[in-house]
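Data block for protein.txt (compact mmCIF, N, CA and C atoms):
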```txt
# COMPACT_ATOMS: atom_id res chain seq x y z
N MET A 1 67.18 18.10 -59.85
CA MET A 1 67.25 17.00 -60.80
C MET A 1 66.40 17.35 -62.01
N ARG A 2 66.88 17.02 -63.17
CA ARG A 2 66.15 17.34 -64.39
C ARG A 2 64.96 16.41 -64.55
N ARG A 3 63.94 16.91 -65.20
CA ARG A 3 62.77 16.08 -65.50
C ARG A 3 63.20 15.02 -66.51
N VAL A 4 62.53 13.91 -66.50
CA VAL A 4 62.83 12.84 -67.45
C VAL A 4 61.66 12.68 -68.40
N THR A 5 61.94 12.14 -69.58
CA THR A 5 60.86 11.86 -70.51
C THR A 5 60.07 10.66 -70.00
N ALA A 6 58.90 10.47 -70.56
CA ALA A 6 58.07 9.33 -70.17
C ALA A 6 58.80 8.01 -70.45
N ASP A 7 59.52 7.95 -71.57
CA ASP A 7 60.27 6.74 -71.90
C ASP A 7 61.42 6.50 -70.91
N GLU A 8 62.14 7.56 -70.56
CA GLU A 8 63.23 7.43 -69.59
C GLU A 8 62.70 6.98 -68.23
N LEU A 9 61.57 7.53 -67.85
CA LEU A 9 60.96 7.15 -66.58
C LEU A 9 60.55 5.68 -66.60
N GLN A 10 59.91 5.27 -67.68
CA GLN A 10 59.49 3.87 -67.79
C GLN A 10 60.70 2.93 -67.73
N HIS A 11 61.78 3.31 -68.40
CA HIS A 11 62.99 2.48 -68.36
C HIS A 11 63.59 2.41 -66.96
N LEU A 12 63.60 3.53 -66.25
CA LEU A 12 64.11 3.52 -64.87
C LEU A 12 63.29 2.56 -63.99
N ILE A 13 61.97 2.63 -64.12
CA ILE A 13 61.11 1.76 -63.32
C ILE A 13 61.32 0.30 -63.70
N GLU A 14 61.38 0.02 -64.98
CA GLU A 14 61.59 -1.36 -65.43
C GLU A 14 62.96 -1.88 -65.02
N ASP A 15 63.98 -1.03 -65.15
CA ASP A 15 65.33 -1.44 -64.74
C ASP A 15 65.39 -1.69 -63.24
N ALA A 16 64.71 -0.85 -62.47
CA ALA A 16 64.69 -1.03 -61.01
C ALA A 16 64.00 -2.34 -60.65
N THR A 17 62.92 -2.63 -61.32
CA THR A 17 62.21 -3.89 -61.07
C THR A 17 63.08 -5.08 -61.42
N PHE A 18 63.78 -4.99 -62.54
CA PHE A 18 64.70 -6.06 -62.94
C PHE A 18 65.81 -6.22 -61.91
N ASP A 19 66.42 -5.10 -61.50
CA ASP A 19 67.48 -5.15 -60.48
C ASP A 19 66.98 -5.85 -59.22
N TYR A 20 65.78 -5.50 -58.79
CA TYR A 20 65.22 -6.11 -57.59
C TYR A 20 65.05 -7.62 -57.77
N THR A 21 64.52 -8.02 -58.92
CA THR A 21 64.32 -9.46 -59.14
C THR A 21 65.64 -10.21 -59.22
N MET A 22 66.70 -9.52 -59.59
CA MET A 22 68.03 -10.15 -59.67
C MET A 22 68.80 -10.04 -58.35
N GLY A 23 68.18 -9.43 -57.36
CA GLY A 23 68.80 -9.34 -56.05
C GLY A 23 69.69 -8.12 -55.83
N ASP A 24 69.70 -7.20 -56.78
CA ASP A 24 70.50 -5.99 -56.64
C ASP A 24 69.60 -4.89 -56.06
N ASN A 25 69.30 -5.03 -54.79
CA ASN A 25 68.34 -4.14 -54.13
C ASN A 25 68.80 -2.70 -54.07
N ASP A 26 70.07 -2.47 -53.83
CA ASP A 26 70.57 -1.10 -53.75
C ASP A 26 70.40 -0.38 -55.08
N ALA A 27 70.71 -1.05 -56.18
CA ALA A 27 70.54 -0.45 -57.50
C ALA A 27 69.06 -0.16 -57.76
N ALA A 28 68.20 -1.10 -57.38
CA ALA A 28 66.76 -0.90 -57.59
C ALA A 28 66.26 0.32 -56.82
N LEU A 29 66.64 0.42 -55.57
CA LEU A 29 66.19 1.55 -54.75
C LEU A 29 66.77 2.86 -55.25
N ASP A 30 68.02 2.84 -55.71
CA ASP A 30 68.64 4.05 -56.26
C ASP A 30 67.88 4.53 -57.50
N LYS A 31 67.54 3.61 -58.39
CA LYS A 31 66.82 3.99 -59.61
C LYS A 31 65.43 4.52 -59.29
N LEU A 32 64.77 3.91 -58.33
CA LEU A 32 63.45 4.40 -57.96
C LEU A 32 63.53 5.75 -57.26
N ALA A 33 64.58 5.98 -56.49
CA ALA A 33 64.77 7.30 -55.88
C ALA A 33 64.98 8.35 -56.96
N ARG A 34 65.75 8.01 -57.99
CA ARG A 34 65.96 8.93 -59.11
C ARG A 34 64.65 9.17 -59.85
N ALA A 35 63.87 8.10 -60.05
CA ALA A 35 62.60 8.23 -60.77
C ALA A 35 61.62 9.12 -60.01
N THR A 36 61.48 8.91 -58.71
CA THR A 36 60.53 9.71 -57.94
C THR A 36 61.00 11.15 -57.78
N ALA A 37 62.32 11.36 -57.74
CA ALA A 37 62.83 12.73 -57.65
C ALA A 37 62.62 13.47 -58.97
N ALA A 38 62.84 12.78 -60.08
CA ALA A 38 62.71 13.41 -61.39
C ALA A 38 61.25 13.56 -61.83
N ALA A 39 60.40 12.68 -61.34
CA ALA A 39 58.99 12.71 -61.72
C ALA A 39 58.13 12.47 -60.47
N PRO A 40 58.05 13.47 -59.60
CA PRO A 40 57.34 13.27 -58.33
C PRO A 40 55.84 13.01 -58.48
N ASP A 41 55.29 13.24 -59.65
CA ASP A 41 53.88 12.95 -59.88
C ASP A 41 53.67 11.65 -60.64
N SER A 42 54.67 10.79 -60.63
CA SER A 42 54.55 9.50 -61.33
C SER A 42 53.99 8.44 -60.38
N PHE A 43 52.74 8.08 -60.61
CA PHE A 43 52.12 7.03 -59.82
C PHE A 43 52.92 5.74 -59.94
N ALA A 44 53.32 5.38 -61.16
CA ALA A 44 54.04 4.12 -61.38
C ALA A 44 55.34 4.06 -60.60
N ALA A 45 56.08 5.15 -60.54
CA ALA A 45 57.35 5.17 -59.80
C ALA A 45 57.11 4.99 -58.31
N TRP A 46 56.13 5.71 -57.77
CA TRP A 46 55.85 5.59 -56.34
C TRP A 46 55.31 4.21 -56.00
N HIS A 47 54.46 3.66 -56.86
CA HIS A 47 53.92 2.34 -56.58
C HIS A 47 55.02 1.28 -56.64
N ALA A 48 55.90 1.39 -57.62
CA ALA A 48 57.03 0.45 -57.69
C ALA A 48 57.90 0.57 -56.44
N ALA A 49 58.15 1.79 -56.00
CA ALA A 49 58.94 1.99 -54.79
C ALA A 49 58.25 1.36 -53.58
N ALA A 50 56.95 1.50 -53.51
CA ALA A 50 56.21 0.90 -52.40
C ALA A 50 56.33 -0.61 -52.43
N GLU A 51 56.14 -1.20 -53.59
CA GLU A 51 56.17 -2.66 -53.70
C GLU A 51 57.56 -3.23 -53.43
N ILE A 52 58.58 -2.58 -53.95
CA ILE A 52 59.94 -3.09 -53.74
C ILE A 52 60.33 -2.94 -52.27
N ASN A 53 60.01 -1.80 -51.67
CA ASN A 53 60.30 -1.65 -50.24
C ASN A 53 59.50 -2.66 -49.42
N PHE A 54 58.27 -2.93 -49.81
CA PHE A 54 57.48 -3.93 -49.11
C PHE A 54 58.16 -5.29 -49.21
N GLY A 55 58.60 -5.63 -50.41
CA GLY A 55 59.29 -6.91 -50.61
C GLY A 55 60.55 -7.03 -49.78
N LEU A 56 61.18 -5.91 -49.53
CA LEU A 56 62.40 -5.89 -48.71
C LEU A 56 62.08 -5.75 -47.22
N ARG A 57 60.80 -5.75 -46.90
CA ARG A 57 60.32 -5.63 -45.53
C ARG A 57 60.71 -4.29 -44.89
N ARG A 58 60.86 -3.28 -45.71
CA ARG A 58 61.11 -1.91 -45.25
C ARG A 58 59.76 -1.21 -45.22
N PHE A 59 58.97 -1.53 -44.21
CA PHE A 59 57.57 -1.14 -44.20
C PHE A 59 57.36 0.36 -44.06
N ASP A 60 58.22 1.05 -43.33
CA ASP A 60 58.08 2.50 -43.21
C ASP A 60 58.33 3.17 -44.56
N ASP A 61 59.36 2.73 -45.27
CA ASP A 61 59.64 3.28 -46.61
C ASP A 61 58.54 2.90 -47.58
N ALA A 62 58.04 1.67 -47.48
CA ALA A 62 56.94 1.23 -48.34
C ALA A 62 55.71 2.10 -48.09
N LEU A 63 55.43 2.40 -46.83
CA LEU A 63 54.28 3.22 -46.50
C LEU A 63 54.42 4.63 -47.06
N ARG A 64 55.59 5.23 -46.91
CA ARG A 64 55.79 6.59 -47.45
C ARG A 64 55.57 6.61 -48.96
N ALA A 65 56.11 5.64 -49.66
CA ALA A 65 55.95 5.60 -51.11
C ALA A 65 54.49 5.32 -51.49
N ALA A 66 53.86 4.40 -50.78
CA ALA A 66 52.46 4.06 -51.07
C ALA A 66 51.55 5.26 -50.82
N GLU A 67 51.83 6.01 -49.79
CA GLU A 67 51.02 7.20 -49.51
C GLU A 67 51.16 8.24 -50.62
N GLN A 68 52.35 8.37 -51.18
CA GLN A 68 52.54 9.29 -52.31
C GLN A 68 51.75 8.82 -53.52
N ALA A 69 51.81 7.52 -53.81
CA ALA A 69 51.05 6.96 -54.93
C ALA A 69 49.55 7.15 -54.69
N HIS A 70 49.11 6.91 -53.47
CA HIS A 70 47.70 7.05 -53.12
C HIS A 70 47.24 8.50 -53.28
N ARG A 71 48.11 9.43 -52.93
CA ARG A 71 47.78 10.85 -53.12
C ARG A 71 47.49 11.14 -54.59
N LEU A 72 48.22 10.47 -55.48
CA LEU A 72 48.06 10.69 -56.91
C LEU A 72 46.83 9.98 -57.50
N ARG A 73 46.52 8.79 -56.96
CA ARG A 73 45.39 8.00 -57.45
C ARG A 73 44.68 7.31 -56.28
N PRO A 74 43.90 8.05 -55.54
CA PRO A 74 43.28 7.47 -54.34
C PRO A 74 42.29 6.33 -54.61
N ASP A 75 41.75 6.26 -55.81
CA ASP A 75 40.78 5.21 -56.12
C ASP A 75 41.39 4.00 -56.81
N ASP A 76 42.71 3.94 -56.89
CA ASP A 76 43.36 2.84 -57.58
C ASP A 76 43.29 1.56 -56.75
N LEU A 77 42.84 0.50 -57.38
CA LEU A 77 42.72 -0.81 -56.72
C LEU A 77 44.05 -1.28 -56.16
N PHE A 78 45.11 -1.17 -56.96
CA PHE A 78 46.39 -1.75 -56.57
C PHE A 78 47.06 -1.00 -55.43
N ILE A 79 46.99 0.32 -55.43
CA ILE A 79 47.66 1.04 -54.34
C ILE A 79 46.89 0.87 -53.04
N ASN A 80 45.57 0.76 -53.12
CA ASN A 80 44.80 0.48 -51.91
C ASN A 80 45.13 -0.91 -51.36
N THR A 81 45.35 -1.86 -52.26
CA THR A 81 45.76 -3.20 -51.84
C THR A 81 47.15 -3.15 -51.19
N THR A 82 48.05 -2.41 -51.79
CA THR A 82 49.40 -2.27 -51.23
C THR A 82 49.33 -1.65 -49.83
N LEU A 83 48.55 -0.58 -49.70
CA LEU A 83 48.43 0.06 -48.38
C LEU A 83 47.82 -0.90 -47.36
N SER A 84 46.86 -1.70 -47.77
CA SER A 84 46.29 -2.68 -46.85
C SER A 84 47.35 -3.67 -46.38
N ARG A 85 48.16 -4.15 -47.30
CA ARG A 85 49.21 -5.11 -46.95
C ARG A 85 50.25 -4.47 -46.03
N VAL A 86 50.64 -3.23 -46.32
CA VAL A 86 51.63 -2.55 -45.49
C VAL A 86 51.09 -2.36 -44.07
N TRP A 87 49.86 -1.86 -43.95
CA TRP A 87 49.31 -1.63 -42.62
C TRP A 87 49.14 -2.94 -41.85
N MET A 88 48.82 -4.02 -42.55
CA MET A 88 48.72 -5.31 -41.86
C MET A 88 50.08 -5.71 -41.28
N GLU A 89 51.13 -5.53 -42.08
CA GLU A 89 52.48 -5.86 -41.61
C GLU A 89 52.91 -4.97 -40.45
N LYS A 90 52.44 -3.73 -40.46
CA LYS A 90 52.79 -2.80 -39.38
C LYS A 90 51.91 -3.01 -38.15
N GLY A 91 50.95 -3.94 -38.24
CA GLY A 91 50.14 -4.28 -37.08
C GLY A 91 48.91 -3.43 -36.85
N ASP A 92 48.50 -2.65 -37.86
CA ASP A 92 47.32 -1.81 -37.71
C ASP A 92 46.18 -2.42 -38.54
N LYS A 93 45.47 -3.34 -37.91
CA LYS A 93 44.42 -4.08 -38.60
C LYS A 93 43.30 -3.16 -39.09
N ALA A 94 42.94 -2.16 -38.31
CA ALA A 94 41.86 -1.26 -38.71
C ALA A 94 42.20 -0.51 -39.99
N ARG A 95 43.41 0.02 -40.07
CA ARG A 95 43.82 0.72 -41.30
C ARG A 95 43.94 -0.27 -42.46
N ALA A 96 44.44 -1.46 -42.19
CA ALA A 96 44.54 -2.48 -43.23
C ALA A 96 43.16 -2.80 -43.78
N GLU A 97 42.19 -2.95 -42.90
CA GLU A 97 40.83 -3.25 -43.34
C GLU A 97 40.22 -2.09 -44.11
N HIS A 98 40.51 -0.86 -43.69
CA HIS A 98 40.03 0.32 -44.42
C HIS A 98 40.50 0.30 -45.87
N PHE A 99 41.80 0.12 -46.05
CA PHE A 99 42.34 0.13 -47.42
C PHE A 99 41.93 -1.12 -48.20
N GLY A 100 41.74 -2.23 -47.51
CA GLY A 100 41.21 -3.42 -48.17
C GLY A 100 39.81 -3.17 -48.70
N ALA A 101 39.00 -2.49 -47.90
CA ALA A 101 37.64 -2.15 -48.35
C ALA A 101 37.68 -1.19 -49.53
N GLN A 102 38.61 -0.22 -49.49
CA GLN A 102 38.75 0.71 -50.61
C GLN A 102 39.14 -0.03 -51.89
N ALA A 103 39.99 -1.04 -51.75
CA ALA A 103 40.39 -1.85 -52.90
C ALA A 103 39.19 -2.60 -53.47
N LYS A 104 38.35 -3.16 -52.60
CA LYS A 104 37.15 -3.87 -53.06
C LYS A 104 36.21 -2.92 -53.79
N ILE A 105 36.02 -1.75 -53.24
CA ILE A 105 35.16 -0.75 -53.89
C ILE A 105 35.71 -0.41 -55.27
N ALA A 106 37.01 -0.21 -55.36
CA ALA A 106 37.62 0.09 -56.66
C ALA A 106 37.41 -1.05 -57.65
N SER A 107 37.52 -2.28 -57.16
CA SER A 107 37.31 -3.45 -58.01
C SER A 107 35.87 -3.50 -58.49
N TRP A 108 34.92 -3.24 -57.60
CA TRP A 108 33.51 -3.26 -58.00
C TRP A 108 33.22 -2.17 -59.02
N LYS A 109 33.79 -0.98 -58.82
CA LYS A 109 33.59 0.11 -59.78
C LYS A 109 34.12 -0.29 -61.15
N ASP A 110 35.29 -0.94 -61.16
CA ASP A 110 35.87 -1.39 -62.42
C ASP A 110 34.97 -2.43 -63.09
N GLN A 111 34.41 -3.33 -62.30
CA GLN A 111 33.52 -4.35 -62.86
C GLN A 111 32.27 -3.72 -63.45
N LEU A 112 31.75 -2.68 -62.81
CA LEU A 112 30.58 -2.00 -63.34
C LEU A 112 30.89 -1.26 -64.63
N LYS A 113 32.08 -0.68 -64.71
CA LYS A 113 32.48 0.05 -65.92
C LYS A 113 32.84 -0.89 -67.06
N ASN A 114 33.40 -2.04 -66.73
CA ASN A 114 33.90 -2.99 -67.74
C ASN A 114 33.36 -4.40 -67.48
N PRO A 115 32.06 -4.61 -67.56
CA PRO A 115 31.53 -5.93 -67.20
C PRO A 115 32.06 -7.06 -68.10
N ASP A 116 32.30 -6.78 -69.36
CA ASP A 116 32.80 -7.83 -70.26
C ASP A 116 34.18 -8.31 -69.90
N ALA A 117 35.00 -7.44 -69.33
CA ALA A 117 36.37 -7.81 -68.95
C ALA A 117 36.38 -8.76 -67.77
N HIS A 118 35.29 -8.85 -67.04
CA HIS A 118 35.24 -9.67 -65.83
C HIS A 118 34.40 -10.93 -66.00
N ARG A 119 34.02 -11.25 -67.24
CA ARG A 119 33.17 -12.42 -67.48
C ARG A 119 33.97 -13.65 -67.84
N GLY A 120 35.30 -13.55 -67.84
CA GLY A 120 36.11 -14.72 -68.15
C GLY A 120 36.02 -15.13 -69.61
N GLY A 121 35.82 -14.16 -70.50
CA GLY A 121 35.81 -14.45 -71.93
C GLY A 121 34.51 -15.02 -72.44
N LEU A 122 33.46 -15.00 -71.64
CA LEU A 122 32.16 -15.53 -72.08
C LEU A 122 31.43 -14.55 -72.96
```
Output the file's structure as structure tokens, nothing else.
Amino acid sequence: MRRVTADELQHLIEDATFDYTMGDNDAALDKLARATAAAPDSFAAWHAAAEINFGLRRFDDALRAAEQAHRLRPDDLFINTTLSRVWMEKGDKARAEHFGAQAKIASWKDQLKNPDAHRGGL
């Protein structure tokens, strides 16, 4: 598969998200499969695939996609939260708690780096 430009990739992800919200799950999954194949190092594509599969209760597929996103950005708050949710649904409370803790750590690091963003506009 040919590589896609950043704009093409963004459009694929946005179109997939729109398809999912409109109930066209097959089209959404197809676009995300194309996005991840064309740009295997795209955190956004893998995270979108994880979230859409999670929403469809396809937890094994959500886990595979989330693990790819996590490989790309292990300290990301959102992917750690996604992994926590997936593991909870799969019945592994210990792993869910691990990734939940990682998400909290990421949040605290962000607050330390950007304290003004977390003051509620004060």
Discussion item. Please determine, counting only C-alpha atoms, which residue among A:Ala48, A:Ile105, A:Ala27, A:Met22 has the shortest atom-to-atom distance to Pro74 in chain A.
Written reply: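 Residue with the minimum atom-to-atom distance to Pro74 in chain A: A:Ile105.
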Worksheet item: What is the distance, in Å and to one decimal place, between atom C of Ala96 in chain A and atom C of Leu83 in chain A?
Response: 6.2 Å
Worksheet entry | Top pick for closest residue to Phe43 in chain A, considering A:Ala62, A:Leu72, A:Asp24, A:Asp30 and counting all atoms listed in the file |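 Using all atoms listed in the file, Phe43 in chain A sits closest to A:Leu72.
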Practice prompt. Show which residues sit within 10 Å of Ser84 in chain A, as a PyMOL selection string. Count only C-alpha atoms, and ignore same-chain residues fewer than 5 positions away.
Written response: chain A and resi 63+78-79+89-90+92-103
Worksheet item: When distances are computed from all atoms listed in the file, which of A:Thr82, A:Gln10, A:Gln68, A:Ser107 shows the smallest separation from Asp41 in chain A?
Response: A:Gln68
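The spacing separating atom N of Ala49 in chain A from atom N of Ala33 in chain A amounts to 7.7 Å.
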Worksheet item: Mind pulling up the distance from atom N of Trp87 in chain A to atom N of Asp60 in chain A?
Response: 8.9 Å
Fill in: Residues flagged alpha helix (DSSP H) by DSSP in range 32-101 of chain A, as a ChimeraX atom specification
/A:32-38,43-55,59-72,77-89,93-101
Discussion item. Neighbouring residues of Asp15 in chain A were defined as those with any atom within 10 Å, considering only C-alpha atoms; residues of the same chain fewer than 5 positions away were excluded. Please report them as a ChimeraX atom specification.
Written reply: /A:9-10,20-21,27-28,31-32
Resulting file, chosen residues, N, CA and C atoms, as a compact mmCIF listing (two decimals), in the frame of the given file:
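Below is the file that was written, part_15.txt:
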```txt
# COMPACT_ATOMS: atom_id res chain seq x y z
N LEU A 9 61.57 7.53 -67.85
CA LEU A 9 60.96 7.15 -66.58
C LEU A 9 60.55 5.68 -66.60
N GLN A 10 59.91 5.27 -67.68
CA GLN A 10 59.49 3.87 -67.79
C GLN A 10 60.70 2.93 -67.73
N TYR A 20 65.78 -5.50 -58.79
CA TYR A 20 65.22 -6.11 -57.59
C TYR A 20 65.05 -7.62 -57.77
N THR A 21 64.52 -8.02 -58.92
CA THR A 21 64.32 -9.46 -59.14
C THR A 21 65.64 -10.21 -59.22
N ALA A 27 70.71 -1.05 -56.18
CA ALA A 27 70.54 -0.45 -57.50
C ALA A 27 69.06 -0.16 -57.76
N ALA A 28 68.20 -1.10 -57.38
CA ALA A 28 66.76 -0.90 -57.59
C ALA A 28 66.26 0.32 -56.82
N LYS A 31 67.54 3.61 -58.39
CA LYS A 31 66.82 3.99 -59.61
C LYS A 31 65.43 4.52 -59.29
N LEU A 32 64.77 3.91 -58.33
CA LEU A 32 63.45 4.40 -57.96
C LEU A 32 63.53 5.75 -57.26
```
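For the choices A:Asn53, A:Lys104, A:Ala44, A:Phe59, the atom-to-atom distance to Asn80 in chain A is smallest for A:Lys104 when using all atoms listed in the file.
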Worksheet item: If you count only C-alpha atoms, which residues fall within 12 Å of Glu8 in chain A, apart from same-chain ones fewer than 4 positions away, as a list in words?
Response: Arg2, Arg3, Val4, Leu12, Ile13, Glu14, Asp15, Lys31, Arg34, Ala35, Ala38, Ala39 and Ala45 of chain A
Reconstructed range 98-110 of chain A, atom set N, CA, C and O atoms, as a short mmCIF file (atom, residue, chain, number, x, y, z; two decimals), in the frame of the given file:
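To be explicit, this is the file written out as rebuild_28.cif:
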```cif
data_model
loop_
_atom_site.label_atom_id
_atom_site.label_comp_id
_atom_site.auth_asym_id
_atom_site.auth_seq_id
_atom_site.Cartn_x
_atom_site.Cartn_y
_atom_site.Cartn_z
N HIS A 98 40.51 -0.86 -43.69
CA HIS A 98 40.03 0.32 -44.42
C HIS A 98 40.50 0.30 -45.87
O HIS A 98 39.71 0.46 -46.79
N PHE A 99 41.80 0.12 -46.05
CA PHE A 99 42.34 0.13 -47.42
C PHE A 99 41.93 -1.12 -48.20
O PHE A 99 41.74 -1.06 -49.41
N GLY A 100 41.74 -2.23 -47.51
CA GLY A 100 41.21 -3.42 -48.17
C GLY A 100 39.81 -3.17 -48.70
O GLY A 100 39.46 -3.58 -49.82
N ALA A 101 39.00 -2.49 -47.90
CA ALA A 101 37.64 -2.15 -48.35
C ALA A 101 37.68 -1.19 -49.53
O ALA A 101 36.90 -1.33 -50.48
N GLN A 102 38.61 -0.22 -49.49
CA GLN A 102 38.75 0.71 -50.61
C GLN A 102 39.14 -0.03 -51.89
O GLN A 102 38.68 0.30 -52.98
N ALA A 103 39.99 -1.04 -51.75
CA ALA A 103 40.39 -1.85 -52.90
C ALA A 103 39.19 -2.60 -53.47
O ALA A 103 39.01 -2.69 -54.70
N LYS A 104 38.35 -3.16 -52.60
CA LYS A 104 37.15 -3.87 -53.06
C LYS A 104 36.21 -2.92 -53.79
O LYS A 104 35.65 -3.26 -54.83
N ILE A 105 36.02 -1.75 -53.24
CA ILE A 105 35.16 -0.75 -53.89
C ILE A 105 35.71 -0.41 -55.27
O ILE A 105 34.96 -0.34 -56.26
N ALA A 106 37.01 -0.21 -55.36
CA ALA A 106 37.62 0.09 -56.66
C ALA A 106 37.41 -1.05 -57.65
O ALA A 106 37.14 -0.84 -58.82
N SER A 107 37.52 -2.28 -57.16
CA SER A 107 37.31 -3.45 -58.01
C SER A 107 35.87 -3.50 -58.49
O SER A 107 35.61 -3.77 -59.67
N TRP A 108 34.92 -3.24 -57.60
CA TRP A 108 33.51 -3.26 -58.00
C TRP A 108 33.22 -2.17 -59.02
O TRP A 108 32.49 -2.40 -59.99
N LYS A 109 33.79 -0.98 -58.82
CA LYS A 109 33.59 0.11 -59.78
C LYS A 109 34.12 -0.29 -61.15
O LYS A 109 33.49 -0.03 -62.18
N ASP A 110 35.29 -0.94 -61.16
CA ASP A 110 35.87 -1.39 -62.42
C ASP A 110 34.97 -2.43 -63.09
O ASP A 110 34.78 -2.40 -64.30
#
```
